[in-house]
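Have a look at final21.cif; it's mmCIF, C-alpha atoms and all ligand atoms:
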```cif
data_start
loop_
_atom_site.label_atom_id
_atom_site.label_comp_id
_atom_site.auth_asym_id
_atom_site.auth_seq_id
_atom_site.Cartn_x
_atom_site.Cartn_y
_atom_site.Cartn_z
CA MET A 2 21.91 13.93 -0.90
CA ALA A 3 22.60 11.95 -4.07
CA ASP A 4 20.98 8.61 -4.92
CA THR A 5 23.83 6.10 -4.50
CA GLY A 6 21.59 3.20 -5.49
CA LYS A 7 21.83 1.95 -1.91
CA THR A 8 19.19 1.76 0.76
CA ALA A 9 19.03 0.66 4.38
CA TYR A 10 15.76 -1.16 3.72
CA LYS A 11 15.63 -4.89 3.01
CA ARG A 12 11.89 -5.54 2.94
CA VAL A 13 9.10 -3.01 2.61
CA MET A 14 5.35 -2.76 2.15
CA LEU A 15 4.02 -0.38 -0.51
CA LYS A 16 0.38 0.61 0.04
CA ILE A 17 -1.46 2.44 -2.69
CA SER A 18 -5.13 3.25 -2.96
CA GLY A 19 -7.22 1.91 -5.79
CA GLU A 20 -7.78 5.49 -6.88
CA ALA A 21 -4.07 5.82 -7.63
CA LEU A 22 -4.65 3.45 -10.57
CA MET A 23 -7.39 5.62 -12.11
CA GLY A 24 -5.06 8.30 -13.48
CA ASN A 25 -7.24 11.21 -14.52
CA THR A 26 -10.24 9.04 -15.25
CA ALA A 27 -13.31 8.87 -13.01
CA PHE A 28 -13.56 5.12 -12.46
CA GLY A 29 -11.65 1.89 -12.77
CA LEU A 30 -8.23 1.18 -14.16
CA HIS A 31 -6.09 3.39 -16.38
CA PRO A 32 -3.49 0.97 -17.81
CA PRO A 33 -0.83 3.66 -18.57
CA THR A 34 -1.03 4.74 -14.92
CA VAL A 35 -0.70 1.15 -13.72
CA GLN A 36 2.35 0.79 -16.00
CA ARG A 37 3.86 4.01 -14.64
CA ILE A 38 3.52 2.81 -11.05
CA ALA A 39 4.94 -0.60 -12.00
CA LYS A 40 8.04 1.21 -13.33
CA GLU A 41 8.37 3.01 -9.99
CA VAL A 42 8.23 -0.36 -8.24
CA LYS A 43 10.89 -1.71 -10.60
CA THR A 44 13.33 1.06 -9.66
CA VAL A 45 13.13 -0.13 -6.04
CA HIS A 46 13.22 -3.81 -7.00
CA ASP A 47 16.43 -3.02 -8.90
CA MET A 48 17.98 -1.89 -5.60
CA GLY A 49 17.50 -5.43 -4.28
CA VAL A 50 14.69 -4.53 -1.90
CA GLU A 51 12.06 -7.20 -1.19
CA ILE A 52 8.67 -5.71 -1.99
CA CYS A 53 5.19 -6.42 -0.64
CA MET A 54 2.25 -4.50 -2.06
CA VAL A 55 -1.34 -3.89 -1.06
CA ILE A 56 -3.60 -2.05 -3.48
CA GLY A 57 -7.00 -0.74 -2.44
CA GLY A 58 -10.21 -1.12 -4.38
CA GLY A 59 -11.78 2.33 -4.15
CA ASN A 60 -11.45 2.94 -7.92
CA ILE A 61 -13.99 0.15 -8.44
CA PHE A 62 -16.05 -0.37 -5.29
CA ARG A 63 -16.09 0.63 -1.63
CA GLY A 64 -18.23 -1.26 0.86
CA LEU A 65 -19.30 1.84 2.76
CA GLN A 66 -20.60 3.50 -0.39
CA GLY A 67 -22.54 0.37 -1.32
CA SER A 68 -24.09 0.12 2.13
CA ALA A 69 -25.00 3.82 2.10
CA GLN A 70 -27.02 3.05 -1.03
CA GLY A 71 -28.93 0.26 0.67
CA MET A 72 -26.73 -2.79 0.13
CA GLU A 73 -26.09 -5.19 2.95
CA ARG A 74 -22.78 -4.07 4.47
CA THR A 75 -20.85 -7.33 4.53
CA THR A 76 -21.83 -8.17 0.95
CA ALA A 77 -20.73 -4.71 -0.12
CA ASP A 78 -17.42 -5.21 1.69
CA TYR A 79 -16.83 -8.53 -0.08
CA MET A 80 -17.40 -6.72 -3.37
CA GLY A 81 -14.79 -4.17 -2.28
CA MET A 82 -12.36 -6.99 -1.51
CA LEU A 83 -12.97 -8.52 -4.96
CA ALA A 84 -12.22 -5.13 -6.50
CA THR A 85 -8.76 -5.24 -4.92
CA VAL A 86 -8.11 -8.57 -6.65
CA MET A 87 -8.73 -6.99 -10.06
CA ASN A 88 -6.32 -4.19 -9.22
CA ALA A 89 -3.72 -6.69 -8.01
CA LEU A 90 -3.98 -8.65 -11.27
CA ALA A 91 -3.57 -5.47 -13.30
CA MET A 92 -0.43 -4.61 -11.33
CA GLN A 93 0.91 -8.14 -11.69
CA SER A 94 0.49 -7.93 -15.44
CA ALA A 95 2.29 -4.57 -15.60
CA LEU A 96 5.16 -5.81 -13.40
CA GLU A 97 5.59 -8.99 -15.40
CA GLU A 98 5.80 -6.88 -18.58
CA LEU A 99 8.90 -5.44 -16.91
CA ASN A 100 10.22 -8.96 -16.21
CA ILE A 101 9.58 -8.80 -12.48
CA HIS A 102 8.32 -12.07 -11.06
CA THR A 103 5.16 -11.38 -9.09
CA ARG A 104 2.68 -13.35 -7.04
CA VAL A 105 -0.86 -12.28 -6.27
CA ILE A 106 -1.77 -13.72 -2.88
CA SER A 107 -5.41 -13.54 -1.95
CA ALA A 108 -6.95 -13.52 1.52
CA ILE A 109 -10.07 -15.06 -0.05
CA THR A 110 -9.41 -18.43 -1.67
CA MET A 111 -9.72 -18.33 -5.44
CA ASN A 112 -7.17 -20.83 -6.61
CA GLU A 113 -7.71 -20.30 -10.31
CA VAL A 114 -6.86 -16.62 -10.01
CA ALA A 115 -4.40 -16.17 -7.16
CA GLU A 116 -2.43 -18.08 -4.55
CA PRO A 117 -4.01 -18.53 -1.15
CA TYR A 118 -2.31 -16.68 1.68
CA ILE A 119 0.19 -18.96 3.43
CA ARG A 120 2.62 -16.88 5.45
CA ARG A 121 5.72 -19.05 5.06
CA ARG A 122 5.14 -19.40 1.34
CA ALA A 123 4.85 -15.65 0.94
CA VAL A 124 8.10 -15.14 2.87
CA ARG A 125 9.83 -17.60 0.53
CA HIS A 126 8.59 -15.64 -2.50
CA LEU A 127 10.04 -12.48 -1.01
CA GLU A 128 13.37 -14.16 -0.36
CA LYS A 129 13.40 -15.11 -4.05
CA LYS A 130 12.82 -11.40 -4.87
CA ARG A 131 9.30 -11.95 -6.17
CA VAL A 132 7.00 -9.02 -5.58
CA CYS A 133 4.08 -10.20 -3.44
CA ILE A 134 0.80 -8.39 -4.03
CA PHE A 135 -1.57 -9.15 -1.17
CA ALA A 136 -5.13 -9.02 -2.49
CA ALA A 137 -8.65 -9.22 -1.01
CA GLY A 138 -7.69 -7.11 2.00
CA THR A 139 -7.72 -8.99 5.29
CA GLY A 140 -10.45 -11.30 3.96
CA ASN A 141 -12.88 -9.81 6.50
CA PRO A 142 -15.58 -7.20 6.14
CA TYR A 143 -15.43 -3.99 8.23
CA PHE A 144 -11.72 -3.56 7.51
CA THR A 145 -9.83 -1.49 4.97
CA THR A 146 -6.84 -2.19 2.82
CA ASP A 147 -4.81 0.16 5.05
CA THR A 148 -5.36 -2.32 7.86
CA ALA A 149 -4.58 -5.20 5.48
CA ALA A 150 -1.29 -3.51 4.53
CA THR A 151 -0.36 -3.03 8.19
CA LEU A 152 -1.29 -6.61 9.05
CA ARG A 153 0.70 -8.13 6.19
CA ALA A 154 3.64 -5.78 6.79
CA ASN A 155 3.80 -7.07 10.36
CA GLU A 156 3.45 -10.68 9.31
CA MET A 157 6.15 -10.33 6.63
CA ASN A 158 8.47 -8.45 9.02
CA CYS A 159 8.62 -5.42 6.76
CA GLU A 160 10.73 -2.56 8.12
CA ALA A 161 8.18 0.07 7.16
CA ILE A 162 4.99 0.75 5.24
CA PHE A 163 5.36 3.20 2.37
CA LYS A 164 2.05 4.85 1.69
CA GLY A 165 2.08 6.38 -1.79
CA THR A 166 -0.33 9.31 -2.09
CA LYS A 167 -0.87 12.40 -4.22
CA VAL A 168 1.11 14.61 -1.82
CA ASP A 169 4.61 14.34 -0.41
CA GLY A 170 3.66 13.72 3.21
CA VAL A 171 1.26 14.53 6.01
CA TYR A 172 0.12 18.14 6.37
CA ASP A 173 -1.58 19.93 9.25
CA LYS A 174 -4.38 20.86 6.81
CA ASP A 175 -5.28 20.00 3.23
CA PRO A 176 -2.44 21.43 1.08
CA ALA A 177 -4.74 21.50 -1.96
CA LYS A 178 -7.03 23.97 -0.17
CA HIS A 179 -4.67 25.90 2.12
CA ALA A 180 -1.52 27.61 0.83
CA ASP A 181 -0.14 27.85 4.40
CA ALA A 182 -0.49 24.11 5.12
CA LYS A 183 2.63 22.74 6.82
CA ARG A 184 4.15 19.32 6.16
CA TYR A 185 5.36 17.29 9.11
CA ASP A 186 8.80 15.67 8.74
CA ARG A 187 7.91 13.30 11.55
CA VAL A 188 4.72 12.87 13.50
CA SER A 189 3.72 10.38 16.21
CA TYR A 190 0.98 7.77 15.81
CA ASP A 191 -0.88 9.36 18.71
CA GLU A 192 -0.80 12.81 17.13
CA VAL A 193 -2.12 11.35 13.87
CA LEU A 194 -5.01 9.80 15.79
CA GLN A 195 -5.72 12.80 18.02
CA LYS A 196 -5.65 15.34 15.19
CA HIS A 197 -7.42 13.05 12.69
CA LEU A 198 -4.60 13.65 10.21
CA GLY A 199 -6.06 11.13 7.79
CA VAL A 200 -2.90 9.13 7.05
CA MET A 201 -4.72 5.83 7.38
CA ASP A 202 -7.80 4.73 9.29
CA ALA A 203 -7.59 4.46 13.07
CA SER A 204 -7.38 0.63 13.20
CA ALA A 205 -4.42 0.64 10.82
CA ILE A 206 -2.62 3.37 12.77
CA ALA A 207 -3.21 1.56 16.08
CA LEU A 208 -1.93 -1.73 14.64
CA ALA A 209 1.20 0.01 13.33
CA ARG A 210 1.72 1.82 16.65
CA ASP A 211 1.38 -1.33 18.75
CA ASN A 212 4.02 -3.05 16.62
CA HIS A 213 6.33 -0.02 16.19
CA LEU A 214 5.99 -0.18 12.42
CA PRO A 215 6.88 3.18 10.82
CA ILE A 216 4.57 4.56 8.11
CA VAL A 217 6.29 6.67 5.47
CA VAL A 218 3.91 8.89 3.50
CA PHE A 219 5.27 10.09 0.14
CA SER A 220 4.10 11.22 -3.29
CA LEU A 221 3.67 8.54 -5.89
CA ASP A 222 2.97 11.23 -8.49
CA GLU A 223 6.59 12.36 -8.29
CA PRO A 224 8.68 10.45 -10.89
CA GLY A 225 11.31 8.43 -9.03
CA GLY A 226 9.53 9.24 -5.77
CA PHE A 227 9.44 5.74 -4.30
CA ARG A 228 13.10 5.05 -5.00
CA GLY A 229 14.08 8.52 -3.79
CA ILE A 230 12.47 7.89 -0.42
CA LEU A 231 14.26 4.57 -0.02
CA ALA A 232 17.57 6.12 -1.08
CA GLY A 233 17.05 8.92 1.44
CA THR A 234 16.81 11.74 -1.12
CA GLY A 235 13.07 12.45 -1.29
CA THR A 236 10.50 14.29 0.80
CA SER A 237 8.14 12.39 3.07
CA THR A 238 6.54 12.26 6.50
CA VAL A 239 7.46 9.46 8.86
CA VAL A 240 4.80 8.38 11.35
CA HIS A 241 6.58 6.84 14.30
CA ASP A 242 6.43 6.17 18.08
N1 LIG B 301 -12.43 -4.29 2.37
C1 LIG B 301 -12.88 -5.12 3.39
N2 LIG B 301 -11.97 -5.75 4.19
C2 LIG B 301 -10.62 -5.56 4.06
C3 LIG B 301 -10.17 -4.68 3.05
C4 LIG B 301 -11.09 -4.06 2.21
O1 LIG B 301 -14.08 -5.30 3.57
O2 LIG B 301 -9.84 -6.16 4.82
C5 LIG B 301 -13.42 -3.70 1.43
C6 LIG B 301 -14.09 -2.46 1.97
O3 LIG B 301 -15.43 -2.47 1.54
C7 LIG B 301 -13.34 -1.34 1.27
C8 LIG B 301 -13.03 -1.96 -0.08
O4 LIG B 301 -12.75 -3.32 0.24
O5 LIG B 301 -14.12 -0.18 1.12
C9 LIG B 301 -11.88 -1.35 -0.83
O6 LIG B 301 -10.77 -1.14 0.01
P1 LIG B 301 -10.30 0.33 0.47
O7 LIG B 301 -11.50 1.20 0.70
O8 LIG B 301 -9.35 0.16 1.59
O9 LIG B 301 -9.53 0.81 -0.84
P2 LIG B 301 -8.73 2.18 -1.11
O10 LIG B 301 -9.44 3.29 -0.40
O11 LIG B 301 -7.35 2.00 -0.55
O12 LIG B 301 -8.73 2.29 -2.59
#
```

Would you write out, as C-alpha cells, the structure that this file holds?
Ligand code: UDP
Amino acid sequence: MADTGKTAYKRVMLKISGEALMGNTAFGLHPPTVQRIAKEVKTVHDMGVEICMVIGGGNIFRGLQGSAQGMERTTADYMGMLATVMNALAMQSALEELNIHTRVISAITMNEVAEPYIRRRAVRHLEKKRVCIFAAGTGNPYFTTDTAATLRANEMNCEAIFKGTKVDGVYDKDPAKHADAKRYDRVSYDEVLQKHLGVMDASAIALARDNHLPIVVFSLDEPGGFRGILAGTGTSTVVHD
C-alpha cells in the first residue's frame, strides 16, 4: 500500500525508551539520535496528527538498578523520573529546531523547567497542534514510563499508543537470538501477559486492556517507520482486546 499522506488517526501517544536516545553509545543522550527521532515525529506532525510523547529515563537512571545497589527505592525512582525530564527537554529542543511547537509537561512540579500537568491545558495544546511531551512519569515511585504513557494516553483520549522499539513488532521469542522467531500481526493483552511477551510491564498492559487502548509496537530504527505505521504501510504488531 502506498503512503497517501493520510491517516485514520487524529491523536496518538508515542512511547520511546530512554535507551532509544543513546544511539550506539553506552549512556546518556546522543544528540544526532535525538534529532533523527525528532524528524520521524515531524513526518507524523506534518500529517496533521496530534502527538503526545512519553520518553523513558533508562539511558540515565533506573530506580530498580539504584535500589539493587543499596539506594532507597523511592529516592532512586525519583531520580529515574528526573532523568525522563532531561530526555524530554532534549527532545523538545530537537523538535523546536524543526519549528514544531512543543510543551514539556511534568508530573512533578518544576515551574522553571516545565509546565505542571493540567489535563485541560494539555488537551488545548494538542488541539493547537503542539507536541506534548509528558515528563517525570506518573509522578509516583514504583511505576514505569510505560504506565505513564498508558495513563496519559487514556487521559488525552489518544486512539492508540505507538511503542517505538528496535524491532518491528512483538515476537514469540527474541528475534536477535532466534532465527525462527515469529512476529505476531495481532496479539491480545491477555496473551501478552500470560506469555510474558515483554511489550510493556504488566501494570501498563492491564491499564491499556481495561480501557481498550490498542498498543502498536513498531521499529523506530526504520527510517519513516512511525509515519509508515500511521499511513498503514509499515510492519507492526497490534496488541488489542
Ligand atoms: N519512574 C517512576 N515512576 C514513574 C515513571 C518512572 O518511579 O511513573 C522511574 C523508575 O525508577 C524508572 C525510571 O523512572 O526506572 C525510568 O523510567 P523507565 O524505566 O520506564 O524508562 P525506560 O525503560 O522507558 O527508558

Could the residues that lie within 10 Å of ligand LIG 301 (chain B), counting all atoms listed in the file, be listed as JSON, numbers by chain? {"A": [16, 17, 18, 19, 20, 21, 22, 55, 56, 57, 58, 59, 60, 61, 62, 63, 64, 65, 66, 67, 68, 74, 75, 76, 77, 78, 79, 80, 81, 82, 83, 84, 85, 86, 88, 108, 136, 137, 138, 139, 140, 141, 142, 143, 144, 145, 146, 147, 148, 149, 150, 152, 201, 202]}

Check the smallest atom-to-atom distance from each of A:Ala27, A:Ile162, A:Val45, A:Ala177 to Asp4 of chain A using all atoms listed in the file, then report the winner. A:Val45

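The coordinates place atom CA of Glu41 of chain A at 19.0 Å from atom CA of Thr238 of chain A.
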
note - atom CA of Met54 of chain A and atom CA of Ile134 of chain A are separated by 4.6 Å

Distance criterion (all atoms listed in the file): nearest to Arg187 of chain A out of A:Thr236, A:Asn155, A:Gln36, A:Asn100: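 Among the listed residues, A:Thr236 lies closest to Arg187 of chain A.
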
What is the atom CA of Leu15 of chain A to atom CA of Phe28 of chain A distance in Å? 22.0 Å

Protein, DNA and RNA residues within 8 Å of (7.7, -1.9, -14.6), all atoms listed in the file, as a compact mmCIF listing (two decimals) with C-alpha atoms, keeping the file's coordinate frame:
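Heads up, here's the output in part-v3.txt:
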```
# COMPACT_ATOMS: atom_id res chain seq x y z
CA GLN A 36 2.35 0.79 -16.00
CA ARG A 37 3.86 4.01 -14.64
CA ILE A 38 3.52 2.81 -11.05
CA ALA A 39 4.94 -0.60 -12.00
CA LYS A 40 8.04 1.21 -13.33
CA GLU A 41 8.37 3.01 -9.99
CA VAL A 42 8.23 -0.36 -8.24
CA LYS A 43 10.89 -1.71 -10.60
CA ALA A 95 2.29 -4.57 -15.60
CA LEU A 96 5.16 -5.81 -13.40
CA GLU A 97 5.59 -8.99 -15.40
CA GLU A 98 5.80 -6.88 -18.58
CA LEU A 99 8.90 -5.44 -16.91
CA ASN A 100 10.22 -8.96 -16.21
CA ILE A 101 9.58 -8.80 -12.48
```

Which residue gives the smallest distance to Ser237 of chain A among A:Gly24, A:Pro32, A:Pro117, A:Gly165, with all atoms listed in the file counted? A:Gly165

All residues 10 Å or closer to Lys129 of chain A, only C-alpha atoms, same chain fewer than 6 positions away omitted, as an MDAnalysis selection string: chainID A and resid 51 102 123

Take the residues from that selection and put them in a file with C-alpha atoms, as a short mmCIF file (atom, residue, chain, number, x, y, z; two decimals), in the frame of the given file.
```
data_model
loop_
_atom_site.label_atom_id
_atom_site.label_comp_id
_atom_site.auth_asym_id
_atom_site.auth_seq_id
_atom_site.Cartn_x
_atom_site.Cartn_y
_atom_site.Cartn_z
CA GLU A 51 12.06 -7.20 -1.19
CA HIS A 102 8.32 -12.07 -11.06
CA ALA A 123 4.85 -15.65 0.94
#
```

Can you tell me, as an NGL selection string, what residues are no more than 8 Å from Tyr10 of chain A when counting only C-alpha atoms, ignoring any on the same chain fewer than 4 positions away? :A and (50 or 160 or 231)

Would you list the contacts of Glu223 of chain A as a PyMOL selection string, taking every protein, DNA or RNA residue within 10 Å and counting all atoms listed in the file, but skipping same-chain residues closer than 5 positions in sequence? chain A and resi 41+165-169+229+235
